[in-house]
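Below is one structure, written out as structure tokens; the observations come after it.
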Amino acid sequence: NAGVTQTPKFQVLKTGQSMTLQCAQDMNHNSMYWYRQDPGMGLRLIYYSASEGTTDKGEVPNGYNVSRLNKREFSLRLESAAPSQTSVYFCASSEMVTVSNQPQHFGDGTRLSIL
Amino acid sequence: DQQVKQNSPSLSVQEGRISILNCDYTNSMFDYFLWYKKYPAEGPTFLISISSIKDKNEDGRFTVFLNKSAKHLSLHIVPSQPGDSAVYFCAASPEMNYGGATNKLIFGTGTLLAVQP
């Protein structure tokens, strides 16, 4: 049972480089999310996709773009990486965007360092 | 401005005793609350949730209490086990859509629970 798979698990970039973080889920979920976790900040929502073909900004979208490639895959792109984007990135999915009894399932994260 | 606050960064309890993790929120419009558990190098895992129409929800050893007037919720783990040692995140749903509270969650900063054998 793979659930939510994130690749890569670790990445080091130089300032100004671009990078795409990949996320795929095999639970046939409609909604997908990208969060970042920083020390002392908890998880913060970057972007989400309520359903295939739609994307919306979350709390901290600046510096990121997303693509909902199909129902399974939701990618996060850093066009010009900055040291402030050093973080652990988590992808999540849920059956619907309505929380009720449909909590999010998370991947194991991508640890990204930008020098 | 932290809308969901977990003021205790860490908590240590003895195996078999009760663990109480606390969470405060600032927005009285928050309608749905969740607790997630996270082990190192893994993603958060859903633990238990509560709607604002309830004041208690129980699932096995885990109980969440909600005090709306105080904008406070707590997670009780009884009895605590060494395998419960993890970071616990409180989360709130700040937004409603036609179906109810959404999964666009606001997380607290987490509390590291250590259960001593």
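Letters for chains follow the order of the structure tokens (A, B, ...), residue numbers begin at 1 for each chain, and ligand numbers begin at 1 in the order shown.
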
Pull out every residue of chain A that has at least one atom within 10 Å of chain B, counting only C-alpha atoms, and report them as number ranges by chain.
A: 4, 9, 31-33, 35, 37-48, 50, 58-59, 88-94, 96-111

Write the residues of the selection above to a file with N, CA and C atoms, as a short mmCIF file (atom, residue, chain, number, x, y, z; two decimals), in the first residue's frame.
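Resulting contents of part-v9.cif:
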data_model
loop_
_atom_site.label_atom_id
_atom_site.label_comp_id
_atom_site.auth_asym_id
_atom_site.auth_seq_id
_atom_site.Cartn_x
_atom_site.Cartn_y
_atom_site.Cartn_z
N VAL A 4 0.67 7.86 -0.54
CA VAL A 4 1.17 9.07 -1.16
C VAL A 4 2.69 8.94 -1.28
N LYS A 9 13.41 12.27 -2.05
CA LYS A 9 13.32 12.38 -0.59
C LYS A 9 14.25 13.48 -0.07
N SER A 31 -8.68 15.29 -4.10
CA SER A 31 -8.01 16.51 -3.66
C SER A 31 -6.57 16.23 -3.25
N MET A 32 -5.70 17.17 -3.60
CA MET A 32 -4.29 17.04 -3.25
C MET A 32 -3.76 18.37 -2.76
N TYR A 33 -2.68 18.32 -1.94
CA TYR A 33 -2.18 19.49 -1.22
C TYR A 33 -0.66 19.47 -1.16
N TYR A 35 2.29 21.18 1.42
CA TYR A 35 2.61 21.92 2.63
C TYR A 35 4.13 22.05 2.75
N GLN A 37 7.03 22.51 6.01
CA GLN A 37 7.19 22.51 7.46
C GLN A 37 8.54 23.11 7.80
N ASP A 38 8.51 24.16 8.58
CA ASP A 38 9.71 24.84 9.03
C ASP A 38 9.78 24.78 10.55
N PRO A 39 10.99 24.80 11.10
CA PRO A 39 11.13 24.74 12.57
C PRO A 39 10.34 25.85 13.24
N GLY A 40 9.55 25.48 14.25
CA GLY A 40 8.78 26.46 15.01
C GLY A 40 7.57 27.03 14.28
N MET A 41 7.26 26.49 13.09
CA MET A 41 6.15 27.07 12.30
C MET A 41 5.03 26.09 12.03
N GLY A 42 5.20 24.83 12.33
CA GLY A 42 4.16 23.88 11.96
C GLY A 42 4.12 23.69 10.45
N LEU A 43 3.06 23.08 9.95
CA LEU A 43 2.88 22.90 8.51
C LEU A 43 2.05 24.05 7.96
N ARG A 44 2.46 24.58 6.82
CA ARG A 44 1.72 25.66 6.18
C ARG A 44 1.36 25.26 4.76
N LEU A 45 0.12 25.54 4.38
CA LEU A 45 -0.39 25.14 3.08
C LEU A 45 0.15 26.07 1.99
N ILE A 46 0.73 25.48 0.95
CA ILE A 46 1.29 26.26 -0.16
C ILE A 46 0.25 26.39 -1.27
N TYR A 47 -0.18 25.27 -1.80
CA TYR A 47 -1.21 25.19 -2.83
C TYR A 47 -2.02 23.93 -2.60
N TYR A 48 -3.22 23.93 -3.16
CA TYR A 48 -4.01 22.72 -3.13
C TYR A 48 -4.78 22.60 -4.44
N ALA A 50 -8.44 21.01 -5.42
CA ALA A 50 -9.67 20.39 -4.92
C ALA A 50 -10.09 19.21 -5.80
N GLY A 58 -2.75 28.57 -1.28
CA GLY A 58 -2.93 28.38 0.14
C GLY A 58 -2.38 29.57 0.89
N GLU A 59 -1.79 29.31 2.03
CA GLU A 59 -1.31 30.38 2.91
C GLU A 59 -0.01 31.02 2.44
N VAL A 88 11.07 21.28 4.72
CA VAL A 88 10.59 19.94 4.42
C VAL A 88 9.21 20.10 3.78
N TYR A 89 9.05 19.52 2.61
CA TYR A 89 7.81 19.67 1.86
C TYR A 89 6.99 18.38 1.93
N PHE A 90 5.74 18.53 2.28
CA PHE A 90 4.83 17.38 2.37
C PHE A 90 3.71 17.52 1.37
N CYS A 91 3.44 16.43 0.68
CA CYS A 91 2.28 16.32 -0.18
C CYS A 91 1.23 15.51 0.56
N ALA A 92 -0.03 15.84 0.34
CA ALA A 92 -1.13 15.11 0.99
C ALA A 92 -2.28 14.96 0.00
N SER A 93 -3.13 14.01 0.28
CA SER A 93 -4.33 13.84 -0.54
C SER A 93 -5.50 13.49 0.35
N SER A 94 -6.71 13.77 -0.15
CA SER A 94 -7.93 13.40 0.56
C SER A 94 -9.01 13.10 -0.47
N MET A 96 -12.06 14.13 -0.67
CA MET A 96 -12.69 15.38 -1.11
C MET A 96 -12.02 16.52 -0.37
N VAL A 97 -12.27 17.74 -0.80
CA VAL A 97 -11.70 18.88 -0.10
C VAL A 97 -12.46 19.15 1.20
N THR A 98 -13.67 18.61 1.32
CA THR A 98 -14.42 18.75 2.57
C THR A 98 -13.86 17.80 3.60
N VAL A 99 -13.54 18.30 4.79
CA VAL A 99 -12.78 17.50 5.74
C VAL A 99 -13.63 16.42 6.39
N SER A 100 -14.78 16.73 6.89
CA SER A 100 -15.70 15.81 7.58
C SER A 100 -14.98 14.58 8.10
N ASN A 101 -15.26 13.42 7.56
CA ASN A 101 -14.58 12.19 7.94
C ASN A 101 -13.56 11.76 6.90
N GLN A 102 -13.03 12.71 6.17
CA GLN A 102 -12.11 12.39 5.08
C GLN A 102 -10.80 13.12 5.30
N PRO A 103 -10.02 12.69 6.31
CA PRO A 103 -8.79 13.40 6.60
C PRO A 103 -7.76 13.21 5.51
N GLN A 104 -6.76 14.07 5.55
CA GLN A 104 -5.69 13.99 4.57
C GLN A 104 -4.71 12.87 4.92
N HIS A 105 -4.18 12.25 3.86
CA HIS A 105 -3.11 11.28 3.99
C HIS A 105 -1.84 11.93 3.45
N PHE A 106 -0.77 11.84 4.22
CA PHE A 106 0.46 12.53 3.88
C PHE A 106 1.53 11.58 3.34
N GLY A 107 2.37 12.12 2.45
CA GLY A 107 3.59 11.43 2.07
C GLY A 107 4.65 11.63 3.13
N ASP A 108 5.82 11.03 2.92
CA ASP A 108 6.87 11.09 3.92
C ASP A 108 7.77 12.31 3.79
N GLY A 109 7.51 13.17 2.82
CA GLY A 109 8.22 14.42 2.75
C GLY A 109 9.42 14.43 1.84
N THR A 110 9.76 15.66 1.37
CA THR A 110 11.00 15.91 0.64
C THR A 110 11.77 16.96 1.42
N ARG A 111 12.98 16.60 1.80
CA ARG A 111 13.82 17.56 2.54
C ARG A 111 14.66 18.33 1.53
#

9 Å contact set for stretch 10-12 of chain B, only C-alpha atoms, chain neighbours under 4 positions out, as a PyMOL selection string
chain B and resi 19-21+87+110-116

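For the pair atom CA of B:Ala70 and atom CA of B:Asp24, the interatomic distance is 8.2 Å.
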
Looking at A:Leu115, A:Glu95, A:Ser18, A:Gln85, which one is nearest to A:Arg36, with distances taken over only C-alpha atoms?
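Between A:Leu115, A:Glu95, A:Ser18, A:Gln85, the residue approaching A:Arg36 most closely is A:Gln85.
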
For the atom pair atom CA of A:Thr7 and atom CA of B:Ser85, what is the interatomic distance in Å to one decimal place?
26.9 Å

Shell around B:Arg61 at 9 Å using only C-alpha atoms, local window under 4 positions removed, as a list in words
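Near neighbours after the sequence-gap exclusion: His76, Ile77, Val78, Pro79 and Ser80 of chain B.
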
Selection above as a file: N, CA and C atoms, as an mmCIF file, in the first residue's frame:
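The new file out31.cif reads:
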data_model
loop_
_atom_site.group_PDB
_atom_site.id
_atom_site.type_symbol
_atom_site.label_atom_id
_atom_site.label_comp_id
_atom_site.auth_asym_id
_atom_site.auth_seq_id
_atom_site.Cartn_x
_atom_site.Cartn_y
_atom_site.Cartn_z
ATOM 1 N N HIS B 76 -6.275 13.678 25.027
ATOM 2 C CA HIS B 76 -5.917 12.826 26.146
ATOM 3 C C HIS B 76 -5.569 11.440 25.615
ATOM 4 N N ILE B 77 -4.458 10.916 26.072
ATOM 5 C CA ILE B 77 -4.043 9.566 25.709
ATOM 6 C C ILE B 77 -3.939 8.764 26.998
ATOM 7 N N VAL B 78 -4.801 7.737 27.095
ATOM 8 C CA VAL B 78 -4.824 6.917 28.302
ATOM 9 C C VAL B 78 -4.994 5.447 27.940
ATOM 10 N N PRO B 79 -4.141 4.537 28.390
ATOM 11 C CA PRO B 79 -2.863 4.837 29.021
ATOM 12 C C PRO B 79 -1.807 5.132 27.972
ATOM 13 N N SER B 80 -0.821 5.909 28.320
ATOM 14 C CA SER B 80 0.254 6.229 27.385
ATOM 15 C C SER B 80 1.183 5.038 27.222
#

For each of A:Gln22, A:Gln6, A:Gln11, A:Tyr64, take the minimum atom-to-atom distance to A:Ser80, counting only C-alpha atoms, then give the residue where this is smallest.
A:Tyr64

Distance in Å - atom CA of B:Asp31 versus atom CA of B:Ala92:
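Computing it gives 7.5 Å between the two atoms.
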
Stretch 15-111 of chain A: residues DSSP assigns to strand (DSSP E or B), reported as a VMD selection string
chain A and resid 19 to 25 31 to 38 42 to 49 56 to 57 64 to 68 73 to 78 87 to 94 98 105 to 106 110 to 111

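Summary of the local environment: counting only C-alpha atoms, residues at most 9 Å from B:Asn27, other than itself and those fewer than 3 positions away along its chain, are Gln3, Val4, Phe30, Lys71 and Pro94 of chain B.
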
Might you pull out every residue within 12 Å of stretch 82-84 of chain A, with only C-alpha atoms counted and same-chain residues fewer than 3 positions away left off, and present them as a PDB file with N, CA and C atoms, in the first residue's frame?
ATOM      1  N   VAL A  12      19.534  18.959  -2.687  1.00  0.00           N
ATOM      2  CA  VAL A  12      20.276  20.182  -2.391  1.00  0.00           C
ATOM      3  C   VAL A  12      20.353  20.988  -3.674  1.00  0.00           C
ATOM      4  N   LEU A  13      19.981  22.246  -3.602  1.00  0.00           N
ATOM      5  CA  LEU A  13      20.005  23.138  -4.749  1.00  0.00           C
ATOM      6  C   LEU A  13      20.865  24.351  -4.455  1.00  0.00           C
ATOM      7  N   LYS A  14      21.305  24.996  -5.516  1.00  0.00           N
ATOM      8  CA  LYS A  14      21.947  26.297  -5.364  1.00  0.00           C
ATOM      9  C   LYS A  14      20.896  27.375  -5.612  1.00  0.00           C
ATOM     10  N   THR A  15      21.102  28.515  -4.991  1.00  0.00           N
ATOM     11  CA  THR A  15      20.197  29.644  -5.200  1.00  0.00           C
ATOM     12  C   THR A  15      20.050  29.931  -6.692  1.00  0.00           C
ATOM     13  N   GLY A  16      18.797  30.102  -7.126  1.00  0.00           N
ATOM     14  CA  GLY A  16      18.517  30.397  -8.519  1.00  0.00           C
ATOM     15  C   GLY A  16      18.189  29.189  -9.379  1.00  0.00           C
ATOM     16  N   GLN A  17      18.526  27.993  -8.903  1.00  0.00           N
ATOM     17  CA  GLN A  17      18.195  26.790  -9.658  1.00  0.00           C
ATOM     18  C   GLN A  17      16.702  26.508  -9.584  1.00  0.00           C
ATOM     19  N   SER A  18      16.214  25.744 -10.529  1.00  0.00           N
ATOM     20  CA  SER A  18      14.814  25.350 -10.524  1.00  0.00           C
ATOM     21  C   SER A  18      14.704  23.877 -10.159  1.00  0.00           C
ATOM     22  N   MET A  19      13.504  23.520  -9.702  1.00  0.00           N
ATOM     23  CA  MET A  19      13.316  22.157  -9.198  1.00  0.00           C
ATOM     24  C   MET A  19      11.832  21.841  -9.189  1.00  0.00           C
ATOM     25  N   ARG A  36       4.556  23.029   3.508  1.00  0.00           N
ATOM     26  CA  ARG A  36       5.951  23.090   3.930  1.00  0.00           C
ATOM     27  C   ARG A  36       5.988  23.129   5.445  1.00  0.00           C
ATOM     28  N   ASP A  38       8.506  24.163   8.576  1.00  0.00           N
ATOM     29  CA  ASP A  38       9.712  24.836   9.034  1.00  0.00           C
ATOM     30  C   ASP A  38       9.782  24.776  10.549  1.00  0.00           C
ATOM     31  N   VAL A  60       0.901  30.214   1.840  1.00  0.00           N
ATOM     32  CA  VAL A  60       2.232  30.711   1.471  1.00  0.00           C
ATOM     33  C   VAL A  60       2.585  30.336   0.036  1.00  0.00           C
ATOM     34  N   ASN A  62       3.789  32.219  -2.559  1.00  0.00           N
ATOM     35  CA  ASN A  62       4.780  32.996  -3.314  1.00  0.00           C
ATOM     36  C   ASN A  62       6.055  32.207  -3.550  1.00  0.00           C
ATOM     37  N   GLY A  63       6.513  32.216  -4.810  1.00  0.00           N
ATOM     38  CA  GLY A  63       7.739  31.522  -5.179  1.00  0.00           C
ATOM     39  C   GLY A  63       7.516  30.104  -5.674  1.00  0.00           C
ATOM     40  N   TYR A  64       6.262  29.675  -5.713  1.00  0.00           N
ATOM     41  CA  TYR A  64       5.927  28.309  -6.124  1.00  0.00           C
ATOM     42  C   TYR A  64       4.880  28.305  -7.229  1.00  0.00           C
ATOM     43  N   LEU A  78       9.647  24.996  -8.030  1.00  0.00           N
ATOM     44  CA  LEU A  78      10.364  26.194  -7.605  1.00  0.00           C
ATOM     45  C   LEU A  78      11.102  26.693  -8.835  1.00  0.00           C
ATOM     46  N   GLU A  79      10.724  27.840  -9.362  1.00  0.00           N
ATOM     47  CA  GLU A  79      11.321  28.342 -10.609  1.00  0.00           C
ATOM     48  C   GLU A  79      12.729  28.889 -10.370  1.00  0.00           C
ATOM     49  N   SER A  87      13.323  23.807   3.412  1.00  0.00           N
ATOM     50  CA  SER A  87      12.210  23.337   4.226  1.00  0.00           C
ATOM     51  C   SER A  87      12.003  21.847   3.977  1.00  0.00           C
ATOM     52  N   VAL A  88      11.073  21.278   4.717  1.00  0.00           N
ATOM     53  CA  VAL A  88      10.589  19.941   4.415  1.00  0.00           C
ATOM     54  C   VAL A  88       9.211  20.100   3.778  1.00  0.00           C
ATOM     55  N   LEU A 112      14.406  19.621   1.419  1.00  0.00           N
ATOM     56  CA  LEU A 112      15.043  20.462   0.407  1.00  0.00           C
ATOM     57  C   LEU A 112      15.918  21.510   1.070  1.00  0.00           C
ATOM     58  N   SER A 113      17.190  21.547   0.655  1.00  0.00           N
ATOM     59  CA  SER A 113      18.130  22.554   1.153  1.00  0.00           C
ATOM     60  C   SER A 113      18.598  23.410  -0.007  1.00  0.00           C
ATOM     61  N   ILE A 114      18.573  24.714   0.200  1.00  0.00           N
ATOM     62  CA  ILE A 114      18.993  25.644  -0.851  1.00  0.00           C
ATOM     63  C   ILE A 114      20.140  26.479  -0.322  1.00  0.00           C
ATOM     64  N   LEU A 115      21.272  26.360  -1.007  1.00  0.00           N
ATOM     65  CA  LEU A 115      22.497  27.009  -0.526  1.00  0.00           C
ATOM     66  C   LEU A 115      22.713  28.371  -1.196  1.00  0.00           C
TER      67      LEU A 115
END

Could you tell me which of A:Gly3, A:Glu52, A:Gln25, A:Pro8 comes closest to A:Ser67 if we count only C-alpha atoms?
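Once distances to A:Ser67 are computed over only C-alpha atoms, the minimum belongs to A:Glu52.
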
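Shortest atom-to-atom contact with A:Val66 among A:Thr86, A:Ala24, A:Thr5, A:Trp34: A:Trp34, counting only C-alpha atoms.
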